[in-house]
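Asker: For reference, the structure I am asking about is given below.
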Amino acid sequence: MQRIALTFGALLVSLSISGAAFAGDALDALMDAPVDATVPADPAAAPGAAGNPAALGSQMEGIKRDLVELKRDLVVLEEDLLYPASTQVAVFLSMDVGEFFALDSVTLKLNGKDVTHYLYTEKQADALFRGGVQRLFVGNVKQGENQLTAFFTGKGPEGRDYRRATTVTFEKSFEPSYVELKISDSTAKYQPEFVATVSP
Amino acid sequence: MKELLCDWILSCVLTVQPVTPLPDLYYGTVLYDYYQDDYQQALLDALIVERRGAVGNDPVRLQLAKGSFAFADGMFAMAEQTFASVGDGELTPLDKMRLSFHLAREDFRRQDWAGVERNLVDIDLGKSWLGHDRTHPEVEFMRAEVATQNGDFAGAQNAIARIDPKQAFRAYALFNLGVAERAAGQLEQAEQAFTTLGSMDVYQADALDLKQRALVALSVVKRQRAEAASAESVIGGLPAEGRYRDLAMTSYGGLAMDNGDYELAARIWLSLKKDAYWSESSATAQLGFPMSLEHMSSRELALTNYRAAEATFEGRLSELQNVAARAEDPVWVGGLLQVFAQPDGEDTTDNVMNEWRRTLGHTDWLEWLATEDVQELLLQWRELRSMQEWLKELPDELATFDALSTEQRRRAAAARELIDTHGLRERREHAAQALADMHSHVDAFMAATPERTSEWMLALANPDEAALLNDLSAKRALLMKTPDDTTRTELLARLKTLEGIVFWNLADDRLARLRAVENEATQRAEQLAEIDAKLVRVSRAEGVLAAGVQTDFLAFQTRADAITREVAVAIADRETRLGNQIRSGIHQEIAQVERQLLVTRIAIARATDQLAMDQAGGGE
């Protein structure tokens with residue numbers, strides 16, 4: 001009887017541990033640390049089982065920095081090689097307000113030839129709506145007179161299908177040329193406006 | 001938050017100028033990436049803008065944006081350096097607030113609460129035109145966190161109240177407040193925080209997860225407050241599926257046992273036992289089920305189930321020991337990690353997962369890697385692998401650029417040869433000189449009075465007239481040798497008459513002829529101008545092409561090679577660490593299963609004794 005009591009006592013201790021586990025303590029792990037909504041906590045603050053996170057993070061940042069600088073130089077190199085200033089033309093797309101037009105796609109024709117066709121995701125259109133500018137096209141053109149036509153497709157006022165085009169003629173000089181395509185709202189007409197401007 | 005970010009965390013390009021300045025366009029492209037949450041690309045674009053010197057008149061905005069992107073991409077040192085480089089003197093009041101915001105985020109990351117508080121003091125967005133305080137959700141979130149850390153729970157609640165309910169920040173702040181209040185022993189307030197979060201409408205996946213987590217936490221707090229029935233009701237309200245399903249059911253089972261409802265508890269444990277996968281909850285259920293049966297006075301059934309649990313734990317232990325032996329092989333571990341090398345959402349990920357499930361019989365290794373620091377390791381490993389892939393492609397790309405550069409130089413040499421060898425410049429100069437002479441002659445003739453001299457007439461005569469004049473001149477010379485005076489005089493008079501006719505024709509037609517010459521000179525001048533333009537273009541193109549892109553491709557490749565080596569070392573390091581984590585996870589679980597097996601065996605011994613005593617008692 002004494003043996004049984006001892007065994008039972010040991011079990012109670014063990015079961016009390018298990019019981020606590022499913023009754024609460026395991027759940028407490030949920031609330032061990034505050035949750036950070038935005039940024040990872042400083043790894044230096046609490047070294048974990050995975051080693052020294054601060055050192056790893058620092059190593060990682062070093063590599064990322066070297067790589068992003070390499071990428072930067074590569075992009076600059078690529079553009080300088082492929083699009084020399086004397087022939088370069090870049091087309092930017094921006095949106096000012098854009099309440100009267102929901103952008104679906106843009107097609108660009110340069111000197112009568114299709115050079116790009118871009119379909120927009122909701123996220124991309126939203127990025128434009130919020131003030132982002134898309135570099136839609138970079139390419140080469142001959143010096144002298146060139147003509148660019150942009151076709152915009154989307155939903156206009158009252159959700160109607162909408163397709164408009166805007167054309168700009170520009171003189172290519174030795175300097176890089178920039179064309180800005182801007183979608184804006186004409187509050188007077190309750191219609192979207194599509195404007196192309198060239199610089200220089 | 002997005003709209004507000006546009007409003008003041010980053011300045012947006014919303015100008016109405018007819019021609020947007022190029023730096024504004026470039027800044028807009030950076031924002032375009034940022035608004036799509038592509039922080040790496042945004043940072044890259046910002047660095048390109050900087051390298052191209054297209055910063056414009058507002059360098060601070062790009063610096064702030066660059067620091068912000070670096071921060072979002074986990075490059076904290078770069079972010080810190082960038083923000084530190086922004087001089088106070090160049091900041092507008094709005095820029096100062098932006099900088100304070102970014103610095104507060106950095107302090108928040110370091111958990112330097114005093115620093116966060118100090119920086120947040122500088123942020124005052126003023127009032128809207130309706131007179132309401134303008135707020136920013138992340139700022140208010142940080143304010144709430146600082147107050148929570150300082151034990152100022154009322155202050156935290158005030159800050160939380162200022163966060164838009166649609167923002168996930170509100171859920172995070174509420175959860176953290178509840179945790180802090182519970183830790184401080186303020187159970188009623190903690191319950192209130194979790195209740196608020198648990199009943200909130202949420203709009204993001206992470207907020208929904210927090211909401212469910214809050215409900216589980218609420219049940220814990222309620223149980224702490226001896227409100228078992230209420231806790232059970234909260235747990236019962238959780239969805240049947242989801243991340244916290246097992247935990248909630250375990251809690252539910254525990255609560256049922258607390259309430260003495262062993263039948264309900266047994267049903268819950270049975271349900272958990274039926275799970276196809278092994279988890280802490282299903283392991284708990286293996287023990288909880290016979291425990292519940294014991295209380296329902298079916299000792300024999302309890303004993304049978306304790307023995308079944310023992311067999312399960314033994315099987316599990318054997319399986320784990322087998323896996324532990326295989327986990328010593330780095331190749332095996334590397335294969336396991338392939339799951340994380342697959343792009344998100346690809347079918348191949350599922351295929352690899354299924355293969356491991358088939359091989360291992362379970363996927364607990366995912367749990368072994370589920371801690372936050374290991375997650376960070378995994379993310380780093382995955383990012384490093386992606387860098388490695390990119391770097392692998394680089395030599396080909398550089399070779400293409402090198403070939404392109406060589407071709408451009410070849411064309412430059414050809415252009416130079418055209419200009420130099422064929423003497424284009426000299427020939428052009430010669431033509432230009434001739435044209436200038438033509439102009440000067442025309443000018444002279446325009447200015448001069450008509451003269452009946454050979455020079456004047458020949459200069460204006462057409463080829464036929466010039467031939468006639470030369471013929472007359474030769475005939476005159478011949479006549480001068482004639483001895484007969486009469487004949488000479490007569491013929492000379494006739495010659496004079498003929499010359500006179502030519503002269504008067506020329507004098508009469510002089511202006512028309514000069515105009516024609518002038519027109520021709522103008523056309524030639526235009527042609528010369530075209531030639532000039534072509535020469536300039538060829539020369540400039542030659543200059544550009546000859547100069548080429550000032551890049552030493554070898555140095556470029558050397559840089560890439562150095563990074564490739566660093567990446568390879570880092571990958572090997574992460575793989576070793578992850579392998580250690582997997583092995584550590586296996587051993588921890590082995591220890592846990594061993595404990596559970598021990599407890600089960602003790603329970604079997606006790607239940608056997610108890611059954612024997614019952615039988616002995618019945619026999620007596």
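Identifiers in the structure tokens: chain A, B, ... in order shown; residue index from 1 per chain; ligand index from 1 in order shown.
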If we count only C-alpha atoms, what is near B:Trp456 at a cut-off of 10 Å, once residues fewer than 5 positions away on the same chain are taken out, given as a compact mmCIF listing (two decimals) with C-alpha atoms, in the first residue's frame?
Answerer:
```txt
# COMPACT_ATOMS: atom_id res chain seq x y z
CA PHE B 445 30.91 92.49 -108.58
CA ALA B 448 31.81 97.40 -108.91
CA THR B 449 30.65 99.45 -111.97
CA PRO B 450 30.50 97.40 -115.24
CA GLU B 451 33.73 97.70 -117.19
CA ALA B 461 30.41 85.25 -118.77
CA PHE B 503 29.62 93.45 -122.90
CA LEU B 506 26.61 90.98 -119.75
CA ALA B 507 25.98 94.41 -118.27
```
Asker: Give me, as CSV, the closest atom pair and its distance (Å, one decimal) for every residue of chain B within a cut-off of 7 Å of chain A, counting only C-alpha atoms, rows sorted by chain and rising number.
Answerer:
```
residue,atom,partner,partner_atom,distance
B:Cys6,CA,A:Arg130,CA,6.7
B:Cys12,CA,A:Gly131,CA,5.3
B:Val13,CA,A:Gly131,CA,5.3
B:Leu14,CA,A:Gly131,CA,6.1
B:Val19,CA,A:Thr197,CA,6.1
B:Leu25,CA,A:Val133,CA,6.3
B:Gly28,CA,A:Val133,CA,4.3
B:Thr29,CA,A:Val133,CA,4.5
B:Leu31,CA,A:Gly132,CA,4.9
B:Tyr32,CA,A:Gly132,CA,3.9
B:Tyr35,CA,A:Ala127,CA,5.1
B:Gln36,CA,A:Lys123,CA,6.2
B:Leu44,CA,A:Arg72,CA,6.1
B:Leu47,CA,A:Arg72,CA,6.6
B:Ile48,CA,A:Arg72,CA,5.6
B:Met75,CA,A:Glu61,CA,5.5
B:Arg109,CA,A:Ala41,CA,4.9
B:Arg110,CA,A:Asp42,CA,4.6
B:Gln111,CA,A:Asp42,CA,6.8
B:Phe169,CA,A:Ala37,CA,6.2
B:Tyr172,CA,A:Ala37,CA,5.9
B:Asn176,CA,A:Pro34,CA,4.9
B:Val179,CA,A:Met31,CA,5.8
B:Val220,CA,A:Gly24,CA,6.1
B:Thr250,CA,A:Phe22,CA,5.3
B:Ser251,CA,A:Ala23,CA,5.3
B:Gly254,CA,A:Ala23,CA,4.5
B:Leu255,CA,A:Ala23,CA,6.5
B:Thr284,CA,A:Phe22,CA,6.9
B:Asp373,CA,A:Gly48,CA,6.0
B:Val374,CA,A:Ala50,CA,5.9
B:Ser405,CA,A:Leu81,CA,6.9
B:Val549,CA,A:Asp80,CA,6.5
B:Ile563,CA,A:Ile63,CA,6.7
B:Arg577,CA,A:Ala50,CA,6.3
B:Gln581,CA,A:Ala50,CA,6.9
B:Val599,CA,A:Ser14,CA,6.2
B:Ile602,CA,A:Leu11,CA,6.1
B:Ala603,CA,A:Leu11,CA,6.2
B:Arg606,CA,A:Phe8,CA,5.8
B:Asp609,CA,A:Ile4,CA,6.6
```
Asker: Would you save the residues of that selection, restricted to N, CA and C atoms, as a short mmCIF file (atom, residue, chain, number, x, y, z; two decimals), in the first residue's frame?
Answerer:
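Everything below was put into out26.cif:
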```
data_model
loop_
_atom_site.label_atom_id
_atom_site.label_comp_id
_atom_site.auth_asym_id
_atom_site.auth_seq_id
_atom_site.Cartn_x
_atom_site.Cartn_y
_atom_site.Cartn_z
N CYS B 6 2.13 58.54 -47.84
CA CYS B 6 2.24 59.41 -49.00
C CYS B 6 2.23 60.87 -48.56
N CYS B 12 5.43 62.91 -51.91
CA CYS B 12 5.02 62.35 -53.18
C CYS B 12 5.15 63.39 -54.28
N VAL B 13 5.25 62.87 -55.47
CA VAL B 13 5.33 63.78 -56.60
C VAL B 13 3.92 64.08 -57.07
N LEU B 14 3.40 65.17 -56.67
CA LEU B 14 2.03 65.51 -57.06
C LEU B 14 2.00 66.93 -57.61
N VAL B 19 5.87 70.50 -67.13
CA VAL B 19 6.99 69.58 -67.34
C VAL B 19 7.58 69.27 -65.97
N LEU B 25 10.88 63.09 -61.46
CA LEU B 25 10.49 61.84 -62.13
C LEU B 25 11.27 60.66 -61.53
N GLY B 28 10.01 59.84 -58.23
CA GLY B 28 8.74 59.13 -58.39
C GLY B 28 8.92 57.66 -58.71
N THR B 29 9.95 57.34 -59.50
CA THR B 29 10.19 55.93 -59.83
C THR B 29 10.60 55.15 -58.58
N LEU B 31 9.58 55.87 -55.58
CA LEU B 31 8.34 55.67 -54.81
C LEU B 31 7.48 54.57 -55.42
N TYR B 32 7.53 54.48 -56.74
CA TYR B 32 6.73 53.45 -57.44
C TYR B 32 7.09 52.05 -56.92
N TYR B 35 5.95 51.78 -53.12
CA TYR B 35 4.51 51.57 -52.92
C TYR B 35 4.08 50.16 -53.28
N GLN B 36 4.94 49.45 -53.99
CA GLN B 36 4.65 48.04 -54.29
C GLN B 36 5.37 47.13 -53.30
N LEU B 44 17.70 50.19 -54.53
CA LEU B 44 18.59 50.16 -55.69
C LEU B 44 18.36 51.38 -56.57
N LEU B 47 19.77 54.48 -55.04
CA LEU B 47 21.24 54.53 -55.18
C LEU B 47 21.63 54.91 -56.61
N ILE B 48 20.85 54.44 -57.58
CA ILE B 48 21.14 54.78 -58.99
C ILE B 48 20.92 56.29 -59.22
N MET B 75 18.58 46.55 -43.62
CA MET B 75 19.95 47.07 -43.62
C MET B 75 20.01 48.22 -42.64
N ARG B 109 13.43 49.40 -32.97
CA ARG B 109 14.04 48.12 -33.32
C ARG B 109 15.05 47.71 -32.25
N ARG B 110 15.78 48.71 -31.76
CA ARG B 110 16.78 48.42 -30.74
C ARG B 110 16.14 48.25 -29.36
N GLN B 111 14.85 48.51 -29.30
CA GLN B 111 14.11 48.51 -28.03
C GLN B 111 14.68 49.55 -27.07
N PHE B 169 -1.80 47.73 -36.88
CA PHE B 169 -1.04 48.26 -35.74
C PHE B 169 -1.89 48.23 -34.46
N TYR B 172 -1.81 44.79 -32.94
CA TYR B 172 -0.52 44.52 -32.30
C TYR B 172 -0.42 45.25 -30.96
N ASN B 176 -0.08 43.50 -27.27
CA ASN B 176 1.08 43.76 -26.40
C ASN B 176 0.67 44.38 -25.08
N VAL B 179 -0.69 41.63 -22.88
CA VAL B 179 0.42 40.81 -22.35
C VAL B 179 1.07 41.53 -21.17
N VAL B 220 -6.86 32.01 -21.26
CA VAL B 220 -5.86 31.78 -20.20
C VAL B 220 -6.09 32.75 -19.03
N THR B 250 -6.42 21.91 -26.89
CA THR B 250 -5.71 21.45 -25.70
C THR B 250 -6.19 22.23 -24.48
N SER B 251 -6.30 23.52 -24.68
CA SER B 251 -6.78 24.37 -23.59
C SER B 251 -8.21 23.99 -23.20
N GLY B 254 -8.20 20.89 -21.21
CA GLY B 254 -7.74 21.18 -19.85
C GLY B 254 -8.83 21.84 -19.03
N LEU B 255 -9.54 22.79 -19.67
CA LEU B 255 -10.63 23.49 -18.99
C LEU B 255 -11.76 22.52 -18.63
N THR B 284 -0.07 15.44 -25.82
CA THR B 284 -0.79 15.69 -24.57
C THR B 284 -2.09 14.88 -24.54
N ASP B 373 14.39 33.00 -34.20
CA ASP B 373 15.77 33.19 -34.65
C ASP B 373 16.12 32.24 -35.79
N VAL B 374 15.53 31.04 -35.74
CA VAL B 374 15.80 30.09 -36.82
C VAL B 374 15.10 30.55 -38.10
N SER B 405 31.01 46.86 -75.51
CA SER B 405 31.94 47.97 -75.35
C SER B 405 33.04 47.89 -76.40
N VAL B 549 32.31 53.15 -72.02
CA VAL B 549 31.87 53.23 -70.64
C VAL B 549 33.10 52.95 -69.81
N ILE B 563 32.21 38.95 -53.70
CA ILE B 563 30.88 38.80 -53.10
C ILE B 563 30.44 37.34 -53.18
N ARG B 577 24.38 25.91 -39.31
CA ARG B 577 23.55 26.33 -38.17
C ARG B 577 22.16 25.70 -38.24
N GLN B 581 20.31 23.21 -35.76
CA GLN B 581 18.98 23.48 -35.22
C GLN B 581 18.06 22.27 -35.39
N VAL B 599 6.23 9.27 -17.91
CA VAL B 599 4.98 9.58 -17.22
C VAL B 599 3.93 8.52 -17.54
N ILE B 602 4.68 5.39 -15.61
CA ILE B 602 4.31 5.55 -14.19
C ILE B 602 2.79 5.40 -14.05
N ALA B 603 2.08 6.04 -15.00
CA ALA B 603 0.61 5.96 -14.97
C ALA B 603 0.14 4.52 -15.12
N ARG B 606 0.70 2.77 -11.88
CA ARG B 606 -0.29 3.18 -10.89
C ARG B 606 -1.66 2.57 -11.19
N ASP B 609 -1.69 -1.08 -10.39
CA ASP B 609 -1.82 -1.27 -8.94
C ASP B 609 -3.25 -1.02 -8.49
#
```
Asker: Within 8 Å of B:Ala432, counting only C-alpha atoms, which residues show up once you throw out same-chain ones fewer than 3 positions away? Write them as a tab-separated table (two decimals) with N, CA and C atoms, in the first residue's frame, please.
Answerer:
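Listing of around_36.tsv after writing:
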```tsv
chain	number	residue	atom	x	y	z
B	428	ARG	N	36.44	69.52	-96.40
B	428	ARG	CA	35.33	70.40	-96.01
B	428	ARG	C	35.82	71.86	-95.89
B	429	GLU	N	37.02	71.96	-95.30
B	429	GLU	CA	37.59	73.31	-95.14
B	429	GLU	C	37.85	73.94	-96.51
B	435	LEU	N	33.68	78.55	-101.15
B	435	LEU	CA	32.39	79.21	-101.00
B	435	LEU	C	32.56	80.64	-100.52
B	436	ALA	N	33.48	80.79	-99.58
B	436	ALA	CA	33.73	82.13	-99.07
B	436	ALA	C	34.25	83.02	-100.19
B	525	ALA	N	26.08	76.62	-99.29
B	525	ALA	CA	26.29	76.90	-97.85
B	525	ALA	C	25.42	75.97	-97.00
B	528	LEU	N	26.90	72.67	-97.05
B	528	LEU	CA	28.09	72.68	-96.17
B	528	LEU	C	27.68	72.58	-94.70
```
Asker: From a DSSP pass on the backbone, collect the residues of stretch 216-401 of chain B flagged as helix (DSSP H, G or I) and hand them back as number ranges by chain.
Answerer: B: 216-224, 228-236, 245-258, 262-273, 280-295, 299-326, 330-341, 347-360, 364-368, 372-401
Asker: How would the residues just chosen look if you wrote them out with C-alpha atoms as a CSV table (one decimal), in the first residue's frame?
Answerer:
```csv
chain,number,residue,atom,x,y,z
B,216,VAL,CA,-6.6,31.9,-26.7
B,217,ALA,CA,-4.8,34.4,-24.4
B,218,LEU,CA,-8.2,35.6,-23.1
B,219,SER,CA,-9.1,32.1,-22.2
B,220,VAL,CA,-5.9,31.8,-20.2
B,221,VAL,CA,-6.5,35.0,-18.4
B,222,LYS,CA,-10.1,34.1,-17.6
B,223,ARG,CA,-8.9,30.8,-16.3
B,224,GLN,CA,-6.4,32.6,-14.1
B,228,ALA,CA,-13.4,28.5,-16.2
B,229,ALA,CA,-16.8,28.4,-17.8
B,230,SER,CA,-16.3,31.7,-19.4
B,231,ALA,CA,-12.9,30.7,-20.7
B,232,GLU,CA,-14.4,27.5,-22.1
B,233,SER,CA,-16.9,29.7,-24.0
B,234,VAL,CA,-14.2,31.9,-25.4
B,235,ILE,CA,-12.2,28.8,-26.6
B,236,GLY,CA,-15.4,27.3,-28.0
B,245,ARG,CA,-6.8,25.1,-33.4
B,246,ASP,CA,-4.6,22.5,-31.6
B,247,LEU,CA,-3.6,24.9,-28.8
B,248,ALA,CA,-7.2,25.9,-28.3
B,249,MET,CA,-8.4,22.3,-28.2
B,250,THR,CA,-5.7,21.4,-25.7
B,251,SER,CA,-6.8,24.4,-23.6
B,252,TYR,CA,-10.4,23.4,-24.0
B,253,GLY,CA,-9.6,19.9,-22.9
B,254,GLY,CA,-7.7,21.2,-19.8
B,255,LEU,CA,-10.6,23.5,-19.0
B,256,ALA,CA,-13.1,20.6,-19.3
B,257,MET,CA,-11.0,18.6,-16.8
B,258,ASP,CA,-10.8,21.6,-14.5
B,262,TYR,CA,-14.3,14.4,-18.1
B,263,GLU,CA,-16.6,13.1,-20.8
B,264,LEU,CA,-16.2,16.4,-22.8
B,265,ALA,CA,-12.4,16.3,-22.1
B,266,ALA,CA,-12.2,12.7,-23.3
B,267,ARG,CA,-14.0,13.6,-26.5
B,268,ILE,CA,-11.5,16.5,-27.1
B,269,TRP,CA,-8.5,14.3,-26.4
B,270,LEU,CA,-9.8,11.6,-28.7
B,271,SER,CA,-10.3,14.2,-31.4
B,272,LEU,CA,-6.7,15.5,-31.0
B,273,LYS,CA,-5.4,11.9,-31.0
B,280,GLU,CA,2.6,18.8,-28.6
B,281,SER,CA,-1.2,18.8,-28.5
B,282,SER,CA,-1.6,15.4,-29.9
B,283,ALA,CA,1.1,14.1,-27.5
B,284,THR,CA,-0.8,15.7,-24.6
B,285,ALA,CA,-4.0,14.1,-25.8
B,286,GLN,CA,-2.3,10.6,-25.7
B,287,LEU,CA,-2.1,11.1,-21.9
B,288,GLY,CA,-5.1,13.2,-21.3
B,289,PHE,CA,-7.5,10.7,-22.8
B,290,PRO,CA,-6.8,7.8,-20.4
B,291,MET,CA,-6.6,10.3,-17.5
B,292,SER,CA,-10.2,11.4,-18.4
B,293,LEU,CA,-11.3,7.8,-18.7
B,294,GLU,CA,-9.9,7.1,-15.2
B,295,HIS,CA,-12.1,9.8,-13.8
B,299,ARG,CA,-10.0,1.8,-15.0
B,300,GLU,CA,-9.5,-1.1,-17.4
B,301,LEU,CA,-10.2,1.0,-20.4
B,302,ALA,CA,-7.9,3.7,-19.0
B,303,LEU,CA,-5.1,1.1,-18.5
B,304,THR,CA,-5.6,-0.1,-22.1
B,305,ASN,CA,-5.3,3.4,-23.4
B,306,TYR,CA,-2.3,4.2,-21.2
B,307,ARG,CA,-0.7,1.1,-22.8
B,308,ALA,CA,-1.7,2.4,-26.3
B,309,ALA,CA,-0.1,5.7,-25.4
B,310,GLU,CA,3.0,3.9,-24.3
B,311,ALA,CA,3.2,2.1,-27.6
B,312,THR,CA,2.7,5.4,-29.5
B,313,PHE,CA,5.4,7.1,-27.5
B,314,GLU,CA,7.8,4.2,-28.0
B,315,GLY,CA,7.0,4.3,-31.8
B,316,ARG,CA,7.6,8.0,-31.9
B,317,LEU,CA,10.8,7.7,-30.0
B,318,SER,CA,12.1,5.0,-32.3
B,319,GLU,CA,11.2,7.1,-35.3
B,320,LEU,CA,12.9,10.2,-33.8
B,321,GLN,CA,16.1,8.2,-33.0
B,322,ASN,CA,16.1,7.0,-36.6
B,323,VAL,CA,15.8,10.5,-37.9
B,324,ALA,CA,18.5,11.7,-35.5
B,325,ALA,CA,20.9,9.2,-36.9
B,326,ARG,CA,20.2,10.4,-40.4
B,330,PRO,CA,24.9,17.1,-43.9
B,331,VAL,CA,23.6,15.9,-47.3
B,332,TRP,CA,20.4,14.8,-45.7
B,333,VAL,CA,20.0,18.1,-44.0
B,334,GLY,CA,20.7,19.9,-47.2
B,335,GLY,CA,18.0,18.0,-49.0
B,336,LEU,CA,15.6,18.9,-46.2
B,337,LEU,CA,16.4,22.6,-46.7
B,338,GLN,CA,15.5,22.4,-50.4
B,339,VAL,CA,11.9,22.9,-49.4
B,340,PHE,CA,12.8,26.5,-48.4
B,341,ALA,CA,14.8,27.0,-51.6
B,347,ASP,CA,4.0,23.4,-57.0
B,348,THR,CA,7.6,22.2,-56.6
B,349,THR,CA,7.4,23.3,-52.9
B,350,ASP,CA,4.5,21.0,-52.3
B,351,ASN,CA,6.3,18.2,-54.2
B,352,VAL,CA,9.4,18.5,-52.1
B,353,MET,CA,7.2,18.7,-48.9
B,354,ASN,CA,5.3,15.6,-49.9
B,355,GLU,CA,8.6,13.8,-50.6
B,356,TRP,CA,9.8,14.6,-47.1
B,357,ARG,CA,6.5,13.6,-45.6
B,358,ARG,CA,6.8,10.2,-47.4
B,359,THR,CA,10.4,9.8,-46.3
B,360,LEU,CA,10.1,11.0,-42.7
B,364,ASP,CA,7.9,18.0,-37.4
B,365,TRP,CA,11.2,19.2,-38.6
B,366,LEU,CA,9.2,22.3,-39.7
B,367,GLU,CA,8.3,22.8,-36.1
B,368,TRP,CA,11.9,22.4,-35.1
B,372,GLU,CA,12.0,33.2,-34.5
B,373,ASP,CA,15.8,33.2,-34.6
B,374,VAL,CA,15.8,30.1,-36.8
B,375,GLN,CA,13.2,31.7,-39.1
B,376,GLU,CA,15.6,34.6,-39.5
B,377,LEU,CA,18.4,32.1,-40.4
B,378,LEU,CA,16.2,30.5,-42.9
B,379,LEU,CA,15.3,33.8,-44.5
B,380,GLN,CA,18.9,34.7,-44.7
B,381,TRP,CA,19.8,31.3,-46.2
B,382,ARG,CA,17.1,31.8,-48.8
B,383,GLU,CA,18.1,35.3,-49.6
B,384,LEU,CA,21.8,34.2,-49.9
B,385,ARG,CA,20.8,31.4,-52.3
B,386,SER,CA,18.9,34.0,-54.4
B,387,MET,CA,22.0,36.2,-54.4
B,388,GLN,CA,24.1,33.2,-55.4
B,389,GLU,CA,21.8,32.5,-58.4
B,390,TRP,CA,22.1,36.1,-59.5
B,391,LEU,CA,25.8,36.2,-59.2
B,392,LYS,CA,26.1,33.0,-61.2
B,393,GLU,CA,24.5,34.8,-64.2
B,394,LEU,CA,26.8,37.8,-63.9
B,395,PRO,CA,29.9,36.6,-65.8
B,396,ASP,CA,27.8,36.0,-68.9
B,397,GLU,CA,26.2,39.4,-68.6
B,398,LEU,CA,29.6,41.1,-68.1
B,399,ALA,CA,31.0,39.3,-71.1
B,400,THR,CA,28.1,40.6,-73.2
B,401,PHE,CA,28.7,44.2,-71.9
```
Asker: Atom CA of A:Thr167 and atom CA of A:Gln147, how far apart in Å?
Answerer: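 Taking atom CA of A:Gln147 as the start and atom CA of A:Thr167 as the end point, the length is 7.1 Å.
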Asker: Ranking A:Tyr162, A:Tyr190, A:Phe170, A:Phe152 by minimum distance to A:Thr107 and counting only C-alpha atoms, which one comes first?
Answerer: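 Under the stated criterion, the closest residue is A:Phe152.
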Asker: Within 6 Å of A:Lys155, counting only C-alpha atoms, which residues qualify if same-chain residues fewer than 4 places away don't, as a PyMOL selection string?
Answerer: chain A and resi 101-102+159-162
Asker: Can you write just those residues out, C-alpha atoms, as an mmCIF file, in the first residue's frame?
Answerer:
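Done, and the output landed in selection.cif:
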```
data_model
loop_
_atom_site.group_PDB
_atom_site.id
_atom_site.type_symbol
_atom_site.label_atom_id
_atom_site.label_comp_id
_atom_site.auth_asym_id
_atom_site.auth_seq_id
_atom_site.Cartn_x
_atom_site.Cartn_y
_atom_site.Cartn_z
ATOM 1 C CA PHE A 101 -9.641 56.746 -64.939
ATOM 2 C CA ALA A 102 -8.667 53.264 -63.760
ATOM 3 C CA GLY A 159 -16.902 52.373 -65.235
ATOM 4 C CA ARG A 160 -17.119 52.581 -68.990
ATOM 5 C CA ASP A 161 -14.385 51.073 -71.154
ATOM 6 C CA TYR A 162 -12.049 53.836 -72.113
#
```
Asker: Please compute the atom CA of B:Glu490-atom CA of B:Asp464 distance, one decimal, in Å.
Answerer: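 Answer for the atom CA of B:Glu490 to atom CA of B:Asp464 separation: 25.0 Å.
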Asker: Kindly give the distance, in Å, that separates atom CA of B:Glu106 and atom CA of B:Asn119, rounded to a single decimal.
Answerer: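 Atom-to-atom, atom CA of B:Glu106 to atom CA of B:Asn119, that is 10.2 Å.
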Asker: Considering only C-alpha atoms, state which residue in the set A:Ala55, A:Val168, A:Ala188, A:Leu181 is at the smallest distance from A:Phe137.
Answerer: A:Leu181
